[in-house]
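Chemist: Before anything else, here's the structure in question.
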Amino acid sequence: MARNRDESLGRFLSLVLRHKPEAAFLRLDEHGWADVDRLLAGCVQAGHPLSREDLERIVRENDKQRYRFDETGKRIRANQGHSVPVMLELREAVPPDRLYHGTASRFLESIRRQGITRQSRQQVHLSADLETAWKVGERHGTPLILPVNAAAMARDGRKFWLSDNGVWLCEEVPWRYVLSGEILYHL
């Protein structure tokens, strides 16, 4: 029961800290930070009561390490995945030669035409490992994995950033960088 409650609260935190802060009567600062005390009060007001201990456990145990506290513990933010405009102060990094994008097979034709785009998010999310990419793809339907030639993208001057929780980010992935002969389909 507690696990289900934490999952529900985690989904609500994701909504509030990445997409719709007003759902908890909150405003994020320009870097995506929220005051923890205001977040807790807003969650209660929104009908999602959350204690400081609950919040710390959810942040600590989240398998995607989606959130983090600042060094004082008084502010919290999501590490990436925002649809609201924020400046996350991400560090630019040289990616590994190959990265992976997990998606649903129903999106493949659109991706062939447009490349991998950020959609409603601020950046495209890429994984350094197949397991994470599969999990991402499964959330959207029948999964498939698009291997990306990140080394070629970097050589061509495309920038990559690495979030605090290990997600690789970029502006877009044109189709020419997708290793189309190596796409992995769900069996």
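Letters for chains follow the order of the structure tokens (A, B, ...), residue numbers begin at 1 for each chain, and ligand numbers begin at 1 in the order shown.
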Just the residues within 12 Å of A:Glu109, please, counting only C-alpha atoms, with nothing from its chain fewer than 6 positions along; format it as a ChimeraX atom specification.
Modeler: /A:103,115-116,175,180
Chemist: Put those residues in a file: N, CA, C and O atoms, as a PDB file, in the first residue's frame.
Modeler:
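Once written, part-v6.pdb looks like this:
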```pdb
ATOM      1  N   THR A 103      11.251   4.542 -27.677  1.00  0.00           N
ATOM      2  CA  THR A 103       9.985   5.129 -28.117  1.00  0.00           C
ATOM      3  C   THR A 103       9.015   4.001 -28.428  1.00  0.00           C
ATOM      4  O   THR A 103       9.347   2.830 -28.273  1.00  0.00           O
ATOM      5  N   GLY A 115      12.830  13.213 -37.734  1.00  0.00           N
ATOM      6  CA  GLY A 115      13.896  12.986 -36.779  1.00  0.00           C
ATOM      7  C   GLY A 115      13.298  12.860 -35.388  1.00  0.00           C
ATOM      8  O   GLY A 115      12.078  12.883 -35.218  1.00  0.00           O
ATOM      9  N   ILE A 116      14.152  12.719 -34.406  1.00  0.00           N
ATOM     10  CA  ILE A 116      13.696  12.643 -33.018  1.00  0.00           C
ATOM     11  C   ILE A 116      13.626  14.078 -32.516  1.00  0.00           C
ATOM     12  O   ILE A 116      14.648  14.762 -32.442  1.00  0.00           O
ATOM     13  N   TRP A 175      17.196  12.328 -38.588  1.00  0.00           N
ATOM     14  CA  TRP A 175      17.125  10.909 -38.946  1.00  0.00           C
ATOM     15  C   TRP A 175      18.469  10.374 -39.435  1.00  0.00           C
ATOM     16  O   TRP A 175      18.819   9.228 -39.183  1.00  0.00           O
ATOM     17  N   SER A 180      19.716   3.259 -38.567  1.00  0.00           N
ATOM     18  CA  SER A 180      18.458   2.605 -38.943  1.00  0.00           C
ATOM     19  C   SER A 180      18.599   1.105 -39.170  1.00  0.00           C
ATOM     20  O   SER A 180      17.636   0.363 -38.980  1.00  0.00           O
TER      21      SER A 180
END
```
Chemist: Taking only C-alpha atoms into account, produce a table as CSV in which each residue of stretch 130-170 of chain A with an atom at most 9 Å from an atom of stretch 64-71 of chain A appears once, together with its shortest atom pair and the distance in Å to one decimal, ordered by chain and rising number.
Modeler:
```
residue,atom,partner,partner_atom,distance
A:Asp164,CA,A:Gln65,CA,8.5
A:Asn165,CA,A:Gln65,CA,5.6
A:Gly166,CA,A:Gln65,CA,8.8
```
Chemist: Excluding stretch 24-31 of chain A and residues on its chain fewer than 2 positions from it, collect all residues at most 7 Å away from it, counting only C-alpha atoms, and give them as number ranges by chain.
Modeler: A: 16, 21-22, 33-34, 39, 42-43, 46, 86-88
Chemist: Identify, with DSSP run on backbone atoms, the residues in chain A assigned to strand (DSSP E or B), and express the list as JSON, numbers by chain.
Modeler: {"A": [34, 35, 67, 68, 69, 75, 76, 77, 78, 91, 92, 98, 99, 100, 101, 102, 103, 104, 116, 124, 125, 126, 127, 143, 144, 145, 146, 147, 148, 149, 161, 162, 168, 169, 170, 173, 178, 184, 185]}
Chemist: Could you tell me how far atom CA of A:Ser120 lies from atom CA of A:Tyr100, in Å and to one decimal?
Modeler: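 Straight-line distance from atom CA of A:Ser120 to atom CA of A:Tyr100 works out to 19.4 Å.
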Chemist: Just checking: using only C-alpha atoms, which residue out of A:Arg98, A:Arg75, A:Arg18, A:Lys135 ends up closest to A:Val36?
Modeler: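 Closest candidate: A:Arg75.
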Chemist: So, with only C-alpha atoms as the atoms that count, which of A:Gly157, A:Gly32, A:Gly141, A:Pro95 lies closest to A:His82?
Modeler: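 Distance minimum relative to A:His82 lands on A:Gly32.
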Chemist: Any idea what's packed within 10 Å of A:Val167, counting only C-alpha atoms, ignoring anything in its chain fewer than 2 positions away? Could you give it as number ranges by chain?
Modeler: A: 64-66, 79-81, 124-128, 132, 161-165, 169
Chemist: Restricting the calculation to only C-alpha atoms: of A:Ala154, A:Val84, A:Leu40, A:Ala78, which residue gets closest to A:Lys20?
Modeler: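 Between A:Ala154, A:Val84, A:Leu40, A:Ala78, the residue approaching A:Lys20 most closely is A:Val84.
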Chemist: I'd like the neighbourhood of A:Asp97 as a PyMOL selection string, where a residue qualifies if any of its atoms comes within 7 Å (using only C-alpha atoms), though same-chain residues fewer than 5 positions away should be ignored.
Modeler: chain A and resi 149-151
Chemist: Which residues in chain A does DSSP call alpha helix (DSSP H)? List them as a PyMOL selection string.
Modeler: chain A and resi 2-14+36-45+52-61+108-114+130-138+150-155
Chemist: Between A:Thr142, A:Ser14, A:Thr72, A:Ser83, which is the closest to A:Arg106 once you count only C-alpha atoms?
Modeler: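 So, comparing all the options, the nearest one is A:Thr142.
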Chemist: From the list A:Ile145, A:Leu9, A:Ala23, A:Ala41, which residue is nearest A:Ile58 when using only C-alpha atoms?
Modeler: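 Distance minimum relative to A:Ile58 lands on A:Leu9.
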Chemist: From the list A:Glu172, A:Asp63, A:Glu138, A:Asp37, which residue is nearest A:Gly102 when using only C-alpha atoms?
Modeler: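 Among the listed residues, A:Glu138 lies closest to A:Gly102.
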